[in-house]
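Shown next: data_7.pdb, containing PDB, C-alpha atoms.
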```pdb
ATOM      1  CA  MET A 164       0.000   0.000   0.000
ATOM      2  CA  LYS A 165       1.253   3.486  -0.838
ATOM      3  CA  LYS A 166       1.935   5.753   2.090
ATOM      4  CA  PRO A 167      -0.679   8.435   2.665
ATOM      5  CA  PRO A 168       0.433  11.936   1.661
ATOM      6  CA  ARG A 169       1.210  14.700   4.067
ATOM      7  CA  ALA A 170      -1.083  17.704   4.179
ATOM      8  CA  ASP A 171       1.416  19.553   2.006
ATOM      9  CA  GLY A 172       1.425  16.803  -0.627
ATOM     10  CA  THR A 173       4.627  14.957   0.339
ATOM     11  CA  ASP A 174       4.684  11.371   1.543
ATOM     12  CA  SER A 175       4.697  10.813   5.289
ATOM     13  CA  SER A 176       6.228   7.977   7.284
ATOM     14  CA  HIS A 177       3.955   5.815   9.347
ATOM     15  CA  THR A 178       4.292   6.434  13.044
ATOM     16  CA  ILE A 179       2.337   5.453  16.106
ATOM     17  CA  ARG A 180       3.033   8.827  17.694
ATOM     18  CA  PRO A 181       1.149  11.653  15.994
ATOM     19  CA  GLU A 182       3.405  14.307  17.454
ATOM     20  CA  LEU A 183       6.267  12.910  15.339
ATOM     21  CA  GLY A 184       4.496  13.222  11.997
ATOM     22  CA  ARG A 185       1.965  15.292  10.101
ATOM     23  CA  ARG A 186      -0.696  12.592  10.432
ATOM     24  CA  GLY A 187      -1.797  10.519  13.359
ATOM     25  CA  PHE A 188      -1.292   6.753  13.214
ATOM     26  CA  LEU A 189      -2.767   4.758  16.060
ATOM     27  CA  MET A 190      -1.512   1.182  16.383
ATOM     28  CA  GLY A 191      -3.531  -0.676  18.994
ATOM     29  CA  SER A 192      -2.365  -3.888  20.641
ATOM     30  CA  ALA A 193      -4.790  -5.990  22.653
ATOM     31  CA  LEU A 194      -2.897  -5.061  25.818
ATOM     32  CA  GLY A 195      -2.967  -1.375  24.959
ATOM     33  CA  ALA A 196      -6.654  -1.494  24.140
ATOM     34  CA  THR A 197      -7.466  -3.290  27.380
ATOM     35  CA  ALA A 198      -5.525  -0.763  29.411
ATOM     36  CA  THR A 199      -7.168   2.145  27.633
ATOM     37  CA  LEU A 200     -10.667   0.761  27.990
ATOM     38  CA  ALA A 201     -10.058  -0.022  31.631
ATOM     39  CA  SER A 202      -9.069   3.581  32.250
ATOM     40  CA  LEU A 203     -12.335   4.724  30.699
ATOM     41  CA  CYS A 204     -14.301   2.887  33.364
ATOM     42  CA  SER A 205     -13.123   5.439  35.914
ATOM     43  CA  LEU A 206     -14.619   8.345  33.973
ATOM     44  CA  PRO A 207     -17.941   9.704  35.257
ATOM     45  CA  HIS A 208     -20.979   8.518  33.324
ATOM     46  CA  ALA A 209     -22.833  11.768  32.854
ATOM     47  CA  ALA A 210     -26.194  11.700  31.119
ATOM     48  CA  ALA A 211     -25.945  12.910  27.549
ATOM     49  CA  GLY A 212     -29.438  14.400  27.523
ATOM     50  CA  ALA A 213     -32.221  13.670  25.062
ATOM     51  CA  PRO A 214     -32.028  15.580  21.764
ATOM     52  CA  SER A 215     -35.121  17.308  20.452
ATOM     53  CA  GLN A 216     -34.679  15.699  17.025
ATOM     54  CA  ARG A 217     -32.478  13.303  15.111
ATOM     55  CA  MET A 218     -29.317  15.026  13.969
ATOM     56  CA  PRO A 219     -28.219  15.012  10.332
ATOM     57  CA  ALA A 220     -25.161  13.292   8.920
ATOM     58  CA  ILE A 221     -23.004  15.634   6.839
ATOM     59  CA  PHE A 222     -19.962  15.580   4.600
ATOM     60  CA  ILE A 223     -17.693  18.570   4.018
ATOM     61  CA  GLY A 224     -15.081  19.005   1.320
ATOM     62  CA  HIS A 225     -12.517  20.909   3.352
ATOM     63  CA  GLY A 226      -9.838  21.761   0.778
ATOM     64  CA  SER A 227      -6.829  23.835   1.808
ATOM     65  CA  PRO A 228      -6.211  24.690   5.481
ATOM     66  CA  MET A 229      -6.206  28.342   4.358
ATOM     67  CA  ASN A 230      -9.991  28.159   4.158
ATOM     68  CA  ALA A 231      -9.890  28.633   7.925
ATOM     69  CA  LEU A 232      -8.847  32.245   7.305
ATOM     70  CA  ALA A 233     -10.560  32.843   3.966
ATOM     71  CA  ASP A 234     -13.674  34.823   3.182
ATOM     72  CA  ASN A 235     -14.950  33.162   0.033
ATOM     73  CA  ALA A 236     -18.128  31.570  -1.325
ATOM     74  CA  PHE A 237     -17.280  28.260   0.345
ATOM     75  CA  THR A 238     -16.616  29.646   3.822
ATOM     76  CA  ARG A 239     -19.624  31.951   3.656
ATOM     77  CA  ARG A 240     -21.802  28.941   2.823
ATOM     78  CA  LEU A 241     -20.357  27.058   5.793
ATOM     79  CA  SER A 242     -21.242  29.970   8.064
ATOM     80  CA  ALA A 243     -24.825  30.033   6.777
ATOM     81  CA  TRP A 244     -25.074  26.251   7.041
ATOM     82  CA  GLY A 245     -24.091  26.364  10.680
ATOM     83  CA  ARG A 246     -27.039  28.662  11.356
ATOM     84  CA  GLU A 247     -29.398  26.333   9.464
ATOM     85  CA  LEU A 248     -28.407  23.090  11.191
ATOM     86  CA  PRO A 249     -30.126  22.048  14.442
ATOM     87  CA  ARG A 250     -27.848  22.495  17.438
ATOM     88  CA  PRO A 251     -26.144  19.179  18.279
ATOM     89  CA  SER A 252     -25.181  17.793  21.672
ATOM     90  CA  ALA A 253     -21.774  16.997  20.166
ATOM     91  CA  ILE A 254     -20.026  16.562  16.833
ATOM     92  CA  LEU A 255     -18.306  13.319  15.846
ATOM     93  CA  SER A 256     -15.784  14.130  13.128
ATOM     94  CA  VAL A 257     -14.200  11.575  10.810
ATOM     95  CA  SER A 258     -11.341  13.504   9.240
ATOM     96  CA  ALA A 259      -9.037  12.526   6.381
ATOM     97  CA  HIS A 260      -6.178  13.643   8.595
ATOM     98  CA  TRP A 261      -6.447  11.082  11.388
ATOM     99  CA  LEU A 262      -5.459   7.778   9.829
ATOM    100  CA  SER A 263      -4.724   4.659  11.857
ATOM    101  CA  ARG A 264      -3.277   1.270  11.012
ATOM    102  CA  GLY A 265      -4.889  -1.900  12.342
ATOM    103  CA  ALA A 266      -7.175  -0.132  14.797
ATOM    104  CA  THR A 267      -9.953   2.456  15.033
ATOM    105  CA  GLY A 268      -9.567   5.121  17.690
ATOM    106  CA  VAL A 269     -11.971   7.577  19.253
ATOM    107  CA  GLY A 270     -10.854  10.725  21.049
ATOM    108  CA  MET A 271     -11.675  10.784  24.758
ATOM    109  CA  GLN A 272     -10.209  14.176  25.629
ATOM    110  CA  GLU A 273     -12.034  16.585  27.905
ATOM    111  CA  ARG A 274     -10.202  19.400  26.105
ATOM    112  CA  PRO A 275      -8.924  18.238  22.703
ATOM    113  CA  LYS A 276      -5.954  20.207  21.424
ATOM    114  CA  THR A 277      -5.973  22.101  18.150
ATOM    115  CA  ILE A 278      -3.529  20.283  15.867
ATOM    116  CA  HIS A 279      -1.728  22.285  13.183
ATOM    117  CA  ASP A 280      -0.919  19.283  10.998
ATOM    118  CA  PHE A 281       0.489  21.074   7.958
ATOM    119  CA  GLY A 282       3.526  22.986   6.822
ATOM    120  CA  GLY A 283       4.450  25.908   4.614
ATOM    121  CA  PHE A 284       1.525  28.157   5.536
ATOM    122  CA  PRO A 285       1.480  31.667   7.089
ATOM    123  CA  GLN A 286       1.993  32.036  10.830
ATOM    124  CA  ALA A 287      -1.547  33.384  11.149
ATOM    125  CA  LEU A 288      -2.867  29.895  10.392
ATOM    126  CA  PHE A 289      -0.693  28.316  13.088
ATOM    127  CA  ASP A 290      -1.979  30.913  15.544
ATOM    128  CA  VAL A 291      -5.587  29.753  15.132
ATOM    129  CA  GLU A 292      -7.005  27.793  18.059
ATOM    130  CA  TYR A 293     -10.373  26.059  18.155
ATOM    131  CA  PRO A 294     -10.954  25.477  21.886
ATOM    132  CA  ALA A 295     -14.091  23.331  21.689
ATOM    133  CA  PRO A 296     -14.540  20.897  24.580
ATOM    134  CA  GLY A 297     -14.589  17.153  24.067
ATOM    135  CA  HIS A 298     -17.386  14.844  25.165
ATOM    136  CA  PRO A 299     -16.034  11.637  26.783
ATOM    137  CA  THR A 300     -19.550  10.421  27.581
ATOM    138  CA  LEU A 301     -20.721  10.470  23.976
ATOM    139  CA  ALA A 302     -17.323   9.226  22.841
ATOM    140  CA  ARG A 303     -17.985   6.158  24.998
ATOM    141  CA  GLU A 304     -21.291   5.797  23.164
ATOM    142  CA  ALA A 305     -19.283   5.630  19.938
ATOM    143  CA  LEU A 306     -17.112   2.890  21.447
ATOM    144  CA  GLY A 307     -20.230   0.801  22.017
ATOM    145  CA  ALA A 308     -21.986   1.690  18.784
ATOM    146  CA  VAL A 309     -19.366   0.368  16.366
ATOM    147  CA  ARG A 310     -19.875  -3.346  15.705
ATOM    148  CA  GLN A 311     -17.497  -3.814  12.775
ATOM    149  CA  THR A 312     -14.358  -3.658  14.879
ATOM    150  CA  SER A 313     -13.062  -2.968  18.359
ATOM    151  CA  VAL A 314     -12.676   0.747  18.954
ATOM    152  CA  ILE A 315      -9.925   2.053  21.209
ATOM    153  CA  GLY A 316     -10.506   5.111  23.360
ATOM    154  CA  THR A 317      -7.452   7.355  23.276
ATOM    155  CA  GLU A 318      -6.187  10.808  24.172
ATOM    156  CA  GLN A 319      -3.472  10.494  21.539
ATOM    157  CA  TRP A 320      -4.864  12.899  18.957
ATOM    158  CA  GLY A 321      -7.155  15.966  19.131
ATOM    159  CA  LEU A 322      -8.803  18.158  16.484
ATOM    160  CA  ASP A 323      -6.816  18.215  13.240
ATOM    161  CA  HIS A 324      -7.263  20.682  10.410
ATOM    162  CA  GLY A 325      -9.810  18.487   8.656
ATOM    163  CA  THR A 326     -12.037  19.235  11.629
ATOM    164  CA  TRP A 327     -11.293  22.679  13.011
ATOM    165  CA  THR A 328     -10.820  24.598   9.756
ATOM    166  CA  VAL A 329     -14.458  23.919   8.819
ATOM    167  CA  LEU A 330     -15.961  24.043  12.315
ATOM    168  CA  LYS A 331     -14.409  27.496  12.704
ATOM    169  CA  HIS A 332     -16.999  28.655  10.160
ATOM    170  CA  LEU A 333     -19.876  26.314  11.051
ATOM    171  CA  TYR A 334     -19.676  26.975  14.801
ATOM    172  CA  PRO A 335     -17.330  29.938  15.333
ATOM    173  CA  LYS A 336     -17.955  30.123  19.082
ATOM    174  CA  ALA A 337     -16.389  26.656  19.551
ATOM    175  CA  ASP A 338     -19.075  25.973  22.142
ATOM    176  CA  ILE A 339     -20.225  22.559  20.890
ATOM    177  CA  PRO A 340     -18.265  19.492  22.073
ATOM    178  CA  VAL A 341     -16.239  17.724  19.383
ATOM    179  CA  PHE A 342     -14.514  14.354  19.261
ATOM    180  CA  GLN A 343     -12.877  12.483  16.401
ATOM    181  CA  LEU A 344     -12.917   8.911  15.114
ATOM    182  CA  SER A 345      -9.879   7.640  13.228
ATOM    183  CA  ILE A 346      -9.885   5.943   9.829
ATOM    184  CA  ASP A 347      -8.269   2.488   9.826
ATOM    185  CA  TYR A 348      -6.323   2.842   6.590
ATOM    186  CA  ASP A 349      -5.766  -0.909   6.334
ATOM    187  CA  LYS A 350      -9.478  -1.504   5.765
ATOM    188  CA  PRO A 351     -11.438  -1.388   2.470
ATOM    189  CA  ALA A 352     -14.237   0.965   1.483
ATOM    190  CA  THR A 353     -16.923  -1.523   2.566
ATOM    191  CA  PHE A 354     -15.585  -1.388   6.121
ATOM    192  CA  HIS A 355     -15.707   2.399   6.340
ATOM    193  CA  TYR A 356     -19.264   2.495   5.018
ATOM    194  CA  ALA A 357     -20.292  -0.179   7.551
ATOM    195  CA  VAL A 358     -18.748   1.745  10.453
ATOM    196  CA  GLY A 359     -20.701   4.772   9.260
ATOM    197  CA  ARG A 360     -23.880   2.700   9.463
ATOM    198  CA  ASP A 361     -23.000   1.766  13.036
ATOM    199  CA  LEU A 362     -22.470   5.426  13.907
ATOM    200  CA  ALA A 363     -25.983   6.293  12.705
ATOM    201  CA  ALA A 364     -27.286   5.310  16.149
ATOM    202  CA  LEU A 365     -25.494   8.331  17.627
ATOM    203  CA  ARG A 366     -27.628  10.676  15.544
ATOM    204  CA  ASP A 367     -30.559   9.835  17.846
ATOM    205  CA  LYS A 368     -28.429  10.894  20.814
ATOM    206  CA  GLY A 369     -27.918  14.389  19.472
ATOM    207  CA  VAL A 370     -24.602  13.743  17.718
ATOM    208  CA  LEU A 371     -23.883  15.392  14.381
ATOM    209  CA  VAL A 372     -21.892  12.822  12.386
ATOM    210  CA  MET A 373     -19.475  14.700  10.112
ATOM    211  CA  GLY A 374     -17.103  13.366   7.471
ATOM    212  CA  SER A 375     -14.424  15.805   6.327
ATOM    213  CA  GLY A 376     -12.303  15.152   3.240
ATOM    214  CA  ASN A 377     -12.793  15.757  -0.498
ATOM    215  CA  VAL A 378     -14.456  13.436  -2.999
ATOM    216  CA  VAL A 379     -11.884  14.566  -5.578
ATOM    217  CA  HIS A 380      -8.444  15.073  -4.057
ATOM    218  CA  ASN A 381      -5.091  14.718  -5.791
ATOM    219  CA  LEU A 382      -2.609  17.307  -4.577
ATOM    220  CA  ARG A 383      -0.125  16.381  -7.282
ATOM    221  CA  ALA A 384      -2.652  17.272  -9.970
ATOM    222  CA  THR A 385      -4.045  20.595  -8.802
ATOM    223  CA  ASP A 386      -3.917  23.847 -10.737
ATOM    224  CA  ARG A 387      -2.813  26.326  -8.122
ATOM    225  CA  GLY A 388      -3.900  29.880  -8.755
ATOM    226  CA  THR A 389      -7.006  28.801 -10.643
ATOM    227  CA  PRO A 390     -10.004  30.829  -9.421
ATOM    228  CA  ASP A 391     -12.677  28.953  -7.502
ATOM    229  CA  GLY A 392     -15.409  27.834  -9.837
ATOM    230  CA  LEU A 393     -18.301  25.495 -10.423
ATOM    231  CA  ARG A 394     -16.394  23.451 -13.018
ATOM    232  CA  ALA A 395     -13.103  21.617 -12.637
ATOM    233  CA  SER A 396     -10.048  22.620 -14.627
ATOM    234  CA  ARG A 397      -9.407  19.042 -15.755
ATOM    235  CA  PRO A 398     -11.829  16.531 -17.302
ATOM    236  CA  TRP A 399     -11.034  13.623 -14.965
ATOM    237  CA  ALA A 400     -11.892  15.708 -11.886
ATOM    238  CA  GLN A 401     -15.173  16.875 -13.376
ATOM    239  CA  SER A 402     -16.077  13.375 -14.574
ATOM    240  CA  PHE A 403     -15.572  11.789 -11.175
ATOM    241  CA  ASP A 404     -17.410  14.534  -9.314
ATOM    242  CA  ASP A 405     -20.302  14.235 -11.772
ATOM    243  CA  ALA A 406     -20.352  10.456 -11.295
ATOM    244  CA  VAL A 407     -20.527  10.864  -7.514
ATOM    245  CA  LYS A 408     -23.321  13.423  -7.879
ATOM    246  CA  ALA A 409     -25.316  11.105 -10.151
ATOM    247  CA  ALA A 410     -24.883   8.117  -7.842
ATOM    248  CA  LEU A 411     -25.971  10.224  -4.875
ATOM    249  CA  ALA A 412     -29.093  11.371  -6.707
ATOM    250  CA  GLY A 413     -30.170   7.740  -6.973
ATOM    251  CA  ARG A 414     -28.699   6.746  -3.596
ATOM    252  CA  ASP A 415     -26.632   4.148  -5.403
ATOM    253  CA  ASP A 416     -24.495   3.434  -2.366
ATOM    254  CA  ARG A 417     -22.974   0.359  -3.979
ATOM    255  CA  ALA A 418     -21.542   2.443  -6.803
ATOM    256  CA  LEU A 419     -20.136   4.969  -4.315
ATOM    257  CA  ILE A 420     -18.503   2.206  -2.266
ATOM    258  CA  ALA A 421     -17.019   0.723  -5.453
ATOM    259  CA  TYR A 422     -15.713   4.173  -6.369
ATOM    260  CA  GLU A 423     -12.727   2.769  -8.287
ATOM    261  CA  LYS A 424     -15.143   1.878 -11.116
ATOM    262  CA  LEU A 425     -16.439   5.441 -11.537
ATOM    263  CA  GLU A 426     -15.139   7.520 -14.427
ATOM    264  CA  GLY A 427     -11.954   9.394 -13.586
ATOM    265  CA  ALA A 428     -11.381   7.515 -10.303
ATOM    266  CA  ALA A 429      -7.776   6.493 -10.966
ATOM    267  CA  THR A 430      -6.653  10.133 -10.874
ATOM    268  CA  ALA A 431      -9.427  11.707  -8.795
ATOM    269  CA  VAL A 432      -8.908   9.253  -5.927
ATOM    270  CA  ALA A 433      -5.277   8.339  -6.430
ATOM    271  CA  MET A 434      -5.263   7.653  -2.681
ATOM    272  CA  PRO A 435      -8.501   7.165  -0.741
ATOM    273  CA  ASP A 436      -7.679   9.033   2.475
ATOM    274  CA  HIS A 437      -9.888  12.012   1.552
ATOM    275  CA  TYR A 438     -12.642   9.894   0.007
ATOM    276  CA  PHE A 439     -13.134   7.551   2.967
ATOM    277  CA  PRO A 440     -14.702  10.235   5.245
ATOM    278  CA  PHE A 441     -17.463  10.599   2.653
ATOM    279  CA  LEU A 442     -18.310   6.900   3.122
ATOM    280  CA  TYR A 443     -18.771   7.397   6.876
ATOM    281  CA  ALA A 444     -21.343  10.137   6.258
ATOM    282  CA  LEU A 445     -23.005   8.064   3.533
ATOM    283  CA  GLY A 446     -23.170   5.035   5.814
ATOM    284  CA  ALA A 447     -24.610   7.085   8.668
ATOM    285  CA  ALA A 448     -27.422   8.263   6.379
ATOM    286  CA  GLY A 449     -30.656   6.285   6.461
ATOM    287  CA  ALA A 450     -31.534   4.384   3.294
ATOM    288  CA  GLY A 451     -34.459   6.727   2.599
ATOM    289  CA  GLU A 452     -32.559   9.961   3.218
ATOM    290  CA  ARG A 453     -31.829  11.801   0.010
ATOM    291  CA  PRO A 454     -28.758  14.025   0.094
ATOM    292  CA  LYS A 455     -29.040  17.775   0.016
ATOM    293  CA  THR A 456     -26.201  19.433  -1.876
ATOM    294  CA  VAL A 457     -25.102  22.270   0.366
ATOM    295  CA  TYR A 458     -22.153  23.397  -1.734
ATOM    296  CA  GLU A 459     -20.464  22.294  -4.952
ATOM    297  CA  GLY A 460     -17.530  23.646  -6.866
ATOM    298  CA  PHE A 461     -13.755  23.382  -7.137
ATOM    299  CA  GLN A 462     -10.744  25.021  -5.577
ATOM    300  CA  SER A 463      -7.243  24.866  -7.066
ATOM    301  CA  GLY A 464      -8.854  23.599 -10.237
ATOM    302  CA  THR A 465      -9.378  19.973  -9.199
ATOM    303  CA  LEU A 466     -10.285  19.859  -5.491
ATOM    304  CA  SER A 467     -14.005  19.117  -5.225
ATOM    305  CA  MET A 468     -15.509  21.126  -2.380
ATOM    306  CA  ARG A 469     -18.796  19.191  -2.511
ATOM    307  CA  CYS A 470     -20.704  19.382   0.794
ATOM    308  CA  LEU A 471     -23.735  17.235   1.582
ATOM    309  CA  GLN A 472     -26.413  16.846   4.238
ATOM    310  CA  PHE A 473     -28.504  13.790   4.971
ATOM    311  CA  GLY A 474     -31.536  14.310   7.171
TER     312      GLY A 474
END
```
Encoded form (C-alpha cells):
Amino acid sequence: MKKPPRADGTDSSHTIRPELGRRGFLMGSALGATATLASLCSLPHAAAGAPSQRMPAIFIGHGSPMNALADNAFTRRLSAWGRELPRPSAILSVSAHWLSRGATGVGMQERPKTIHDFGGFPQALFDVEYPAPGHPTLAREALGAVRQTSVIGTEQWGLDHGTWTVLKHLYPKADIPVFQLSIDYDKPATFHYAVGRDLAALRDKGVLVMGSGNVVHNLRATDRGTPDGLRASRPWAQSFDDAVKAALAGRDDRALIAYEKLEGAATAVAMPDHYFPFLYALGAAGAGERPKTVYEGFQSGTLSMRCLQFG
C-alpha cells in the first residue's frame, strides 16, 4: 500500500506517535486497548441528555487549510449552514487527517488540542485555536456503537485541520463538544461504510456525524492559482465529481462504495484518504434519506468542495 500523503502533498512515514508526523497513526495492541478501555471505566458517566430531534449526517469538502482564514463563497456557505443546522449535543468528526493502522480510535479528551498538521503556511494559520470541549460520555457511546471492529478510546490525537478549519466557520464560538474517530487505513471501502452505518445510532443521541475530506483530491494534480469555480479545470476531476453526484441522486451506495469503477477515479482518488470520510457520512445516512447538496464547486482547479447533508 502506498503511504498516505502529508497535508502539504509529500509522503509521510507511518508512526504510532502523531506528534512525530503530520498525520496521526494509532496502532492498537490488545494489551494497549485493554488498558485504555479499563481507564475509561473510571470516567464519570454523565447523562448525555435527550435531543429534540435526530441530527443530520453531513460531509464537508474541506480543501486547503487556508480556508480557515478565507472569506470566500465556500466559507460563507459554511457559516450560513451552521445557522441552518439544528444544534447538536456533540459533533463526531471523521477527518481525512487522522489515519490509523490496524485499529480504530476515538478521542476521549475533555479538552482536545488544536492540531496544526500542515507545513508551509502563514503564521496566522498556526496561531488559530479552536478550543471546543470534548465529550467523553458520547465518545464512549461511539465505542459501544461500532460493531465492525473494536474501537480504542485514546487521548493520543485531538482536532486536526480536517475538523477545526471547517468548524471554525460552522460553529465559530467553539461551544459545541467535538470528538474524532480515526480511519483504519488498512481496511477497504466496505468497512468504512459499515462503520458509518454503526455510527448512525449516535444521531438519535444528538450527535452530528461529520465526514471531512474531499471526494476529488489529488494534490499532485491541482492547478494552483485557478479561481474557484463550479467546473473543474481538468476533465477527470469533473467526470468523477459528476459520477458521484449522479450516484448520490439515486442513492446508489454500492456504486459509491465501489468508487474505483467510476469515471476518472484512478486520478481523482489516487489515494482514498480524503474519500473515505465521505463513506462514513453516507453510511450514517438512512436508506431513505436523500442528500441535500449544500455546496459544490472546485478550488485549485481539481479539489471538489462538494458538501452534503442527509436528514
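When only C-alpha atoms are used to compute distances to Val291 (chain A), the closest of the residues A:Phe441, A:Trp327, A:Tyr334, A:Phe473 turns out to be A:Trp327.
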Proximity to Val341 (chain A) - best of A:Pro435, A:Pro249, A:Gly297, A:Pro398, only C-alpha atoms: A:Gly297
Nearby residues (all atoms listed in the file) at most 7 Å from region 367-374 of chain A, same-chain spacing under 4 positions excluded, as a ChimeraX atom specification: /A:213-214,217-223,251-258,440-441,443-444
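Excluding Lys331 (chain A) itself and any same-chain residue fewer than 5 positions from it, the protein and nucleic acid residues within 8 Å of it, counting all atoms listed in the file, are Ala231, Tyr293, Lys336 and Ala337 of chain A.
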Write the residues you've just listed into a file as an mmCIF file, in the frame of the given file, and include C-alpha atoms for each of them.
```
data_model
loop_
_atom_site.group_PDB
_atom_site.id
_atom_site.type_symbol
_atom_site.label_atom_id
_atom_site.label_comp_id
_atom_site.auth_asym_id
_atom_site.auth_seq_id
_atom_site.Cartn_x
_atom_site.Cartn_y
_atom_site.Cartn_z
ATOM 1 C CA ALA A 231 -9.890 28.633 7.925
ATOM 2 C CA TYR A 293 -10.373 26.059 18.155
ATOM 3 C CA LYS A 336 -17.955 30.123 19.082
ATOM 4 C CA ALA A 337 -16.389 26.656 19.551
#
```
Nearest to Phe281 (chain A), chosen from A:Leu365, A:Met229, A:Leu411, A:Ala266, with only C-alpha atoms counted in the distances: A:Met229
Surrounding residues of Gly449 (chain A) excluding itself and chain neighbours under 2 positions, 10 Å, all atoms listed in the file, as a list in words: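 Residues meeting the cut-off are Pro219, Ala220, Arg360, Ala363, Leu445, Gly446, Ala447, Gly451, Glu452, Arg453, Phe473 and Gly474 of chain A.
Nearest residue to Leu241 (chain A) among A:Val379, A:Ile420, A:Cys470, A:Ala395 is A:Cys470, counting all atoms listed in the file.
The interatomic distance for the pair CA of Arg303 (chain A) and CA of Thr267 (chain A) works out to 13.3 Å.
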Residues matched by the PyMOL selection byres ((chain A and resi 329) around 10) as a list of chain:residue names: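 Taken over the shown coordinates, the PyMOL selection byres ((chain A and resi 329) around 10) returns A:Ile223, A:Gly224, A:His225, A:Gly226, A:Pro228, A:Asn230, A:Ala231, A:Phe237, A:Thr238, A:Leu241, A:Ser242, A:His324, A:Gly325, A:Thr326, A:Trp327, A:Thr328, A:Leu330, A:Lys331, A:His332, A:Leu333, A:Tyr334, A:Pro335, A:Ser375.
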Residue IDs satisfying the PyMOL selection byres ((chain A and resi 278) around 9), as a ChimeraX atom specification: /A:275-277,279-281,289,292,320-324,327
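Across the structure, CA of Asp290 (chain A) and CA of His437 (chain A) are spaced 24.8 Å apart.
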Result set, the PyMOL selection byres ((chain A and resi 436) around 10) on current file, as an NGL selection string: :A and (167-168 or 258-262 or 346-348 or 376-378 or 380 or 432-435 or 437-441)
Straight-line distance linking CA of Glu426 (chain A) with CA of Trp399 (chain A), stated in Å to one decimal: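 Between CA of Glu426 (chain A) and CA of Trp399 (chain A) the gap works out to 7.4 Å.
Proximity of A:Ala418, A:Ala295, A:Ala428, A:Ala448 to Val358 (chain A), computed with all atoms listed in the file, is greatest for A:Ala448.
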